[in-house]
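This is entry_34.txt (compact mmCIF, N, CA and C atoms).
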# COMPACT_ATOMS: atom_id res chain seq x y z
N MET A 1 170.39 -1.01 25.29
CA MET A 1 169.56 -2.14 25.63
C MET A 1 169.00 -2.71 24.33
N ASN A 2 169.61 -3.72 23.82
CA ASN A 2 169.26 -4.29 22.54
C ASN A 2 168.80 -5.73 22.74
N ASN A 3 167.56 -5.90 23.16
CA ASN A 3 167.02 -7.23 23.43
C ASN A 3 166.09 -7.64 22.31
N HIS A 4 166.65 -8.07 21.20
CA HIS A 4 165.85 -8.53 20.08
C HIS A 4 165.93 -10.04 20.02
N PHE A 5 164.77 -10.66 19.95
CA PHE A 5 164.73 -12.12 19.82
C PHE A 5 164.55 -12.45 18.36
N HIS A 6 165.51 -13.15 17.82
CA HIS A 6 165.46 -13.49 16.40
C HIS A 6 165.41 -15.00 16.26
N CYS A 7 164.35 -15.48 15.66
CA CYS A 7 164.20 -16.92 15.45
C CYS A 7 164.13 -17.18 13.96
N SER A 8 165.04 -17.95 13.47
CA SER A 8 165.06 -18.29 12.06
C SER A 8 165.24 -19.80 11.94
N PRO A 9 164.98 -20.35 10.76
CA PRO A 9 165.19 -21.80 10.59
C PRO A 9 166.62 -22.22 10.87
N VAL A 10 167.56 -21.34 10.60
CA VAL A 10 168.96 -21.68 10.84
C VAL A 10 169.22 -21.75 12.33
N SER A 11 168.68 -20.80 13.10
CA SER A 11 168.92 -20.82 14.54
C SER A 11 168.15 -21.95 15.21
N SER A 12 167.03 -22.37 14.63
CA SER A 12 166.30 -23.48 15.22
C SER A 12 167.03 -24.80 15.04
N LEU A 13 167.94 -24.87 14.07
CA LEU A 13 168.77 -26.06 13.90
C LEU A 13 169.96 -26.06 14.84
N GLY A 14 170.16 -24.98 15.56
CA GLY A 14 171.29 -24.88 16.46
C GLY A 14 172.53 -24.33 15.77
N ILE A 15 172.36 -23.74 14.60
CA ILE A 15 173.49 -23.16 13.86
C ILE A 15 173.51 -21.68 14.16
N LYS A 16 174.58 -21.21 14.77
CA LYS A 16 174.66 -19.82 15.18
C LYS A 16 175.24 -18.92 14.08
N ASP A 17 176.05 -19.47 13.21
CA ASP A 17 176.72 -18.68 12.20
C ASP A 17 176.25 -19.17 10.82
N SER A 18 175.81 -18.25 9.98
CA SER A 18 175.31 -18.64 8.66
C SER A 18 176.43 -19.11 7.74
N ARG A 19 177.70 -18.87 8.10
CA ARG A 19 178.80 -19.34 7.27
C ARG A 19 178.90 -20.86 7.28
N VAL A 20 178.29 -21.49 8.29
CA VAL A 20 178.30 -22.95 8.36
C VAL A 20 177.56 -23.54 7.18
N LEU A 21 176.52 -22.84 6.71
CA LEU A 21 175.72 -23.35 5.60
C LEU A 21 176.49 -23.36 4.28
N ARG A 22 177.56 -22.61 4.21
CA ARG A 22 178.35 -22.57 2.98
C ARG A 22 179.46 -23.61 2.96
N ARG A 23 179.60 -24.38 4.01
CA ARG A 23 180.66 -25.38 4.07
C ARG A 23 180.23 -26.67 3.38
N PRO A 24 181.12 -27.24 2.58
CA PRO A 24 180.77 -28.49 1.89
C PRO A 24 180.55 -29.65 2.85
N ARG A 25 181.24 -29.66 3.97
CA ARG A 25 181.07 -30.76 4.93
C ARG A 25 179.66 -30.78 5.52
N PHE A 26 179.10 -29.61 5.74
CA PHE A 26 177.73 -29.52 6.24
C PHE A 26 176.77 -30.16 5.25
N TRP A 27 176.88 -29.80 3.97
CA TRP A 27 175.98 -30.33 2.95
C TRP A 27 176.26 -31.80 2.67
N ALA A 28 177.50 -32.24 2.79
CA ALA A 28 177.82 -33.65 2.58
C ALA A 28 177.21 -34.51 3.67
N THR A 29 176.97 -33.91 4.83
CA THR A 29 176.36 -34.66 5.93
C THR A 29 174.84 -34.71 5.81
N PHE A 30 174.22 -33.58 5.51
CA PHE A 30 172.76 -33.49 5.57
C PHE A 30 172.04 -33.74 4.25
N LEU A 31 172.70 -33.59 3.13
CA LEU A 31 172.05 -33.81 1.85
C LEU A 31 171.65 -35.27 1.62
N PRO A 32 172.47 -36.27 1.96
CA PRO A 32 172.00 -37.65 1.82
C PRO A 32 170.81 -37.99 2.71
N LEU A 33 170.69 -37.31 3.84
CA LEU A 33 169.55 -37.57 4.73
C LEU A 33 168.23 -37.10 4.11
N ALA A 34 168.29 -36.09 3.27
CA ALA A 34 167.08 -35.60 2.61
C ALA A 34 166.51 -36.64 1.66
N GLY A 35 167.34 -37.49 1.10
CA GLY A 35 166.87 -38.54 0.20
C GLY A 35 166.17 -39.67 0.93
N LEU A 36 166.36 -39.77 2.23
CA LEU A 36 165.72 -40.84 3.00
C LEU A 36 164.29 -40.52 3.41
N CYS A 37 163.84 -39.32 3.14
CA CYS A 37 162.50 -38.91 3.57
C CYS A 37 161.39 -39.72 2.90
N GLY A 38 161.57 -40.10 1.68
CA GLY A 38 160.51 -40.79 0.95
C GLY A 38 160.81 -42.26 0.71
N CYS A 39 161.49 -42.90 1.62
CA CYS A 39 161.90 -44.29 1.42
C CYS A 39 160.85 -45.28 1.89
N ARG A 40 159.61 -44.97 1.71
CA ARG A 40 158.55 -45.90 2.06
C ARG A 40 157.87 -46.35 0.78
N ARG A 41 157.40 -47.56 0.77
CA ARG A 41 156.76 -48.10 -0.42
C ARG A 41 155.46 -47.36 -0.70
N ALA A 42 155.21 -47.07 -1.96
CA ALA A 42 154.00 -46.34 -2.34
C ALA A 42 152.79 -47.25 -2.16
N PRO A 43 151.72 -46.74 -1.55
CA PRO A 43 150.52 -47.55 -1.40
C PRO A 43 149.81 -47.74 -2.74
N SER A 44 149.57 -48.97 -3.08
CA SER A 44 148.83 -49.26 -4.31
C SER A 44 147.89 -50.42 -4.03
N LEU A 45 146.83 -50.46 -4.77
CA LEU A 45 145.80 -51.48 -4.58
C LEU A 45 145.72 -52.33 -5.84
N GLY A 46 145.64 -53.62 -5.63
CA GLY A 46 145.47 -54.53 -6.76
C GLY A 46 144.00 -54.67 -7.10
N ILE A 47 143.61 -54.22 -8.28
CA ILE A 47 142.22 -54.31 -8.74
C ILE A 47 142.24 -55.06 -10.07
N TYR A 48 141.71 -56.26 -10.07
CA TYR A 48 141.66 -57.11 -11.26
C TYR A 48 143.03 -57.29 -11.91
N GLY A 49 144.04 -57.48 -11.09
CA GLY A 49 145.37 -57.76 -11.61
C GLY A 49 146.21 -56.54 -11.92
N SER A 50 145.63 -55.35 -11.88
CA SER A 50 146.39 -54.12 -12.13
C SER A 50 146.55 -53.38 -10.81
N TYR A 51 147.69 -52.76 -10.64
CA TYR A 51 147.95 -51.99 -9.42
C TYR A 51 147.71 -50.51 -9.69
N PHE A 52 146.80 -49.93 -8.91
CA PHE A 52 146.47 -48.52 -9.02
C PHE A 52 147.04 -47.80 -7.81
N PRO A 53 147.60 -46.60 -8.01
CA PRO A 53 148.11 -45.85 -6.86
C PRO A 53 146.96 -45.40 -5.96
N GLY A 54 147.23 -45.36 -4.67
CA GLY A 54 146.20 -45.00 -3.70
C GLY A 54 145.67 -43.60 -3.88
N TRP A 55 146.52 -42.66 -4.29
CA TRP A 55 146.05 -41.28 -4.44
C TRP A 55 145.03 -41.17 -5.57
N LEU A 56 145.17 -42.01 -6.60
CA LEU A 56 144.22 -41.96 -7.71
C LEU A 56 142.84 -42.46 -7.26
N ILE A 57 142.82 -43.48 -6.45
CA ILE A 57 141.56 -43.99 -5.93
C ILE A 57 140.92 -42.97 -4.99
N CYS A 58 141.73 -42.32 -4.15
CA CYS A 58 141.19 -41.29 -3.26
C CYS A 58 140.67 -40.10 -4.05
N LEU A 59 141.31 -39.76 -5.16
CA LEU A 59 140.85 -38.66 -5.99
C LEU A 59 139.49 -38.97 -6.60
N VAL A 60 139.33 -40.16 -7.13
CA VAL A 60 138.05 -40.55 -7.74
C VAL A 60 136.94 -40.57 -6.68
N LEU A 61 137.25 -41.14 -5.51
CA LEU A 61 136.24 -41.17 -4.44
C LEU A 61 135.91 -39.77 -3.92
N GLY A 62 136.92 -38.89 -3.83
CA GLY A 62 136.69 -37.52 -3.38
C GLY A 62 135.81 -36.75 -4.34
N ILE A 63 136.03 -36.93 -5.64
CA ILE A 63 135.19 -36.25 -6.63
C ILE A 63 133.77 -36.83 -6.62
N ALA A 64 133.65 -38.13 -6.45
CA ALA A 64 132.32 -38.74 -6.38
C ALA A 64 131.55 -38.25 -5.14
N LEU A 65 132.24 -38.11 -4.01
CA LEU A 65 131.58 -37.58 -2.81
C LEU A 65 131.21 -36.11 -3.00
N THR A 66 132.02 -35.36 -3.71
CA THR A 66 131.70 -33.96 -3.98
C THR A 66 130.45 -33.84 -4.85
N VAL A 67 130.32 -34.71 -5.83
CA VAL A 67 129.12 -34.71 -6.67
C VAL A 67 127.89 -35.07 -5.84
N ALA A 68 128.03 -36.04 -4.94
CA ALA A 68 126.91 -36.43 -4.08
C ALA A 68 126.51 -35.29 -3.15
N ILE A 69 127.49 -34.60 -2.59
CA ILE A 69 127.18 -33.46 -1.72
C ILE A 69 126.55 -32.33 -2.52
N HIS A 70 127.00 -32.13 -3.75
CA HIS A 70 126.40 -31.12 -4.63
C HIS A 70 124.92 -31.42 -4.86
N LEU A 71 124.60 -32.67 -5.13
CA LEU A 71 123.20 -33.03 -5.36
C LEU A 71 122.36 -32.84 -4.11
N VAL A 72 122.90 -33.16 -2.94
CA VAL A 72 122.16 -32.98 -1.69
C VAL A 72 121.95 -31.50 -1.40
N LEU A 73 123.00 -30.69 -1.60
CA LEU A 73 122.86 -29.25 -1.35
C LEU A 73 121.88 -28.61 -2.32
N ARG A 74 121.86 -29.05 -3.55
CA ARG A 74 120.92 -28.50 -4.53
C ARG A 74 119.49 -28.88 -4.16
N ARG A 75 119.29 -30.11 -3.74
CA ARG A 75 117.94 -30.56 -3.39
C ARG A 75 117.41 -29.83 -2.16
N LEU A 76 118.31 -29.55 -1.18
CA LEU A 76 117.88 -28.86 0.04
C LEU A 76 117.78 -27.35 -0.13
N GLY A 77 118.29 -26.82 -1.23
CA GLY A 77 118.19 -25.39 -1.50
C GLY A 77 119.31 -24.56 -0.88
N TYR A 78 120.37 -25.19 -0.42
CA TYR A 78 121.48 -24.45 0.18
C TYR A 78 122.52 -23.99 -0.83
N GLU A 79 122.42 -24.44 -2.05
CA GLU A 79 123.45 -24.12 -3.04
C GLU A 79 123.45 -22.63 -3.40
N ALA A 80 122.33 -21.97 -3.27
CA ALA A 80 122.25 -20.54 -3.59
C ALA A 80 123.06 -19.70 -2.61
N ARG A 81 123.34 -20.23 -1.42
CA ARG A 81 124.09 -19.49 -0.40
C ARG A 81 125.60 -19.64 -0.55
N LEU A 82 126.03 -20.54 -1.38
CA LEU A 82 127.46 -20.78 -1.57
C LEU A 82 127.99 -19.94 -2.73
N ASN A 83 128.93 -19.06 -2.44
CA ASN A 83 129.52 -18.23 -3.49
C ASN A 83 131.02 -18.17 -3.27
N PRO A 84 131.79 -18.20 -4.26
CA PRO A 84 131.62 -18.66 -5.64
C PRO A 84 131.60 -20.18 -5.70
N LEU A 85 130.68 -20.70 -6.45
CA LEU A 85 130.46 -22.14 -6.49
C LEU A 85 131.68 -22.92 -6.96
N GLY A 86 132.39 -22.41 -7.96
CA GLY A 86 133.56 -23.12 -8.48
C GLY A 86 134.61 -23.34 -7.41
N LEU A 87 134.91 -22.31 -6.64
CA LEU A 87 135.90 -22.45 -5.59
C LEU A 87 135.43 -23.34 -4.45
N VAL A 88 134.16 -23.25 -4.12
CA VAL A 88 133.61 -24.08 -3.04
C VAL A 88 133.72 -25.56 -3.38
N TYR A 89 133.36 -25.93 -4.59
CA TYR A 89 133.39 -27.34 -4.94
C TYR A 89 134.81 -27.85 -5.18
N ILE A 90 135.69 -27.00 -5.67
CA ILE A 90 137.09 -27.42 -5.82
C ILE A 90 137.71 -27.63 -4.44
N ALA A 91 137.46 -26.70 -3.51
CA ALA A 91 137.99 -26.85 -2.16
C ALA A 91 137.40 -28.07 -1.46
N LEU A 92 136.13 -28.33 -1.69
CA LEU A 92 135.48 -29.49 -1.09
C LEU A 92 136.06 -30.80 -1.64
N SER A 93 136.32 -30.86 -2.93
CA SER A 93 136.88 -32.08 -3.50
C SER A 93 138.32 -32.30 -3.04
N ILE A 94 139.11 -31.23 -2.91
CA ILE A 94 140.48 -31.39 -2.41
C ILE A 94 140.46 -31.82 -0.95
N THR A 95 139.58 -31.23 -0.16
CA THR A 95 139.48 -31.60 1.25
C THR A 95 139.06 -33.06 1.41
N LEU A 96 138.06 -33.48 0.67
CA LEU A 96 137.59 -34.86 0.77
C LEU A 96 138.66 -35.84 0.29
N THR A 97 139.39 -35.49 -0.77
CA THR A 97 140.44 -36.36 -1.27
C THR A 97 141.55 -36.53 -0.23
N CYS A 98 141.96 -35.44 0.40
CA CYS A 98 143.01 -35.53 1.42
C CYS A 98 142.53 -36.28 2.65
N LEU A 99 141.29 -36.06 3.06
CA LEU A 99 140.76 -36.81 4.20
C LEU A 99 140.67 -38.30 3.91
N LEU A 100 140.25 -38.66 2.71
CA LEU A 100 140.22 -40.08 2.35
C LEU A 100 141.61 -40.68 2.35
N TRP A 101 142.59 -39.93 1.87
CA TRP A 101 143.97 -40.41 1.87
C TRP A 101 144.43 -40.68 3.31
N LEU A 102 144.11 -39.74 4.22
CA LEU A 102 144.52 -39.92 5.60
C LEU A 102 143.83 -41.11 6.25
N VAL A 103 142.55 -41.28 5.97
CA VAL A 103 141.79 -42.36 6.59
C VAL A 103 142.20 -43.72 6.02
N LEU A 104 142.39 -43.81 4.73
CA LEU A 104 142.62 -45.11 4.10
C LEU A 104 144.08 -45.54 4.08
N PHE A 105 145.02 -44.60 3.98
CA PHE A 105 146.40 -44.99 3.73
C PHE A 105 147.40 -44.51 4.76
N TYR A 106 147.02 -43.69 5.72
CA TYR A 106 148.04 -43.17 6.62
C TYR A 106 147.98 -43.85 7.93

Let's see the structure in the file written out as structure tokens.
Amino acid sequence: MNNHFHCSPVSSLGIKDSRVLRRPRFWATFLPLAGLCGCRRAPSLGIYGSYFPGWLICLVLGIALTVAIHLVLRRLGYEARLNPLGLVYIALSITLTCLLWLVLFY
């Protein structure tokens, strides 16, 4: 009684035999499709005649919001409870940057 359920990325594609992955025809079919994943125009904003990438603007705003939150937490006295401070503020700035990217550009 050998009832083992095996789920792998290969089986989720519907490929039962791993020898299929070694065939050139398989790669000739699916490799060009991988290049189509990023075929969307990059979001950029025109500021005084120069175009800035959207991720750069989100990064600056995320860091500015992190500084503002740092000042609020310090004033309220909650900063002493956050350990380690370096990791907390780095994680907060990355989170805010990604959230701004999702809100503004996605």

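By chain and then residue number, the residues within 10 Å of Leu59 (chain A) are Gly54, Trp55, Ile63, Ala64, Leu65, Ser93, Ile94, Leu96, Thr97, Cys98, Leu100 and Trp101 of chain A, counting only C-alpha atoms and disregarding those fewer than 4 positions away in sequence.
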
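Atom pair CA of Arg74 (chain A) / CA of Leu102 (chain A): separated by 28.1 Å.
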
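Straight-line separation from CA of Val72 (chain A) to atom N of Leu56 (chain A): 25.2 Å.
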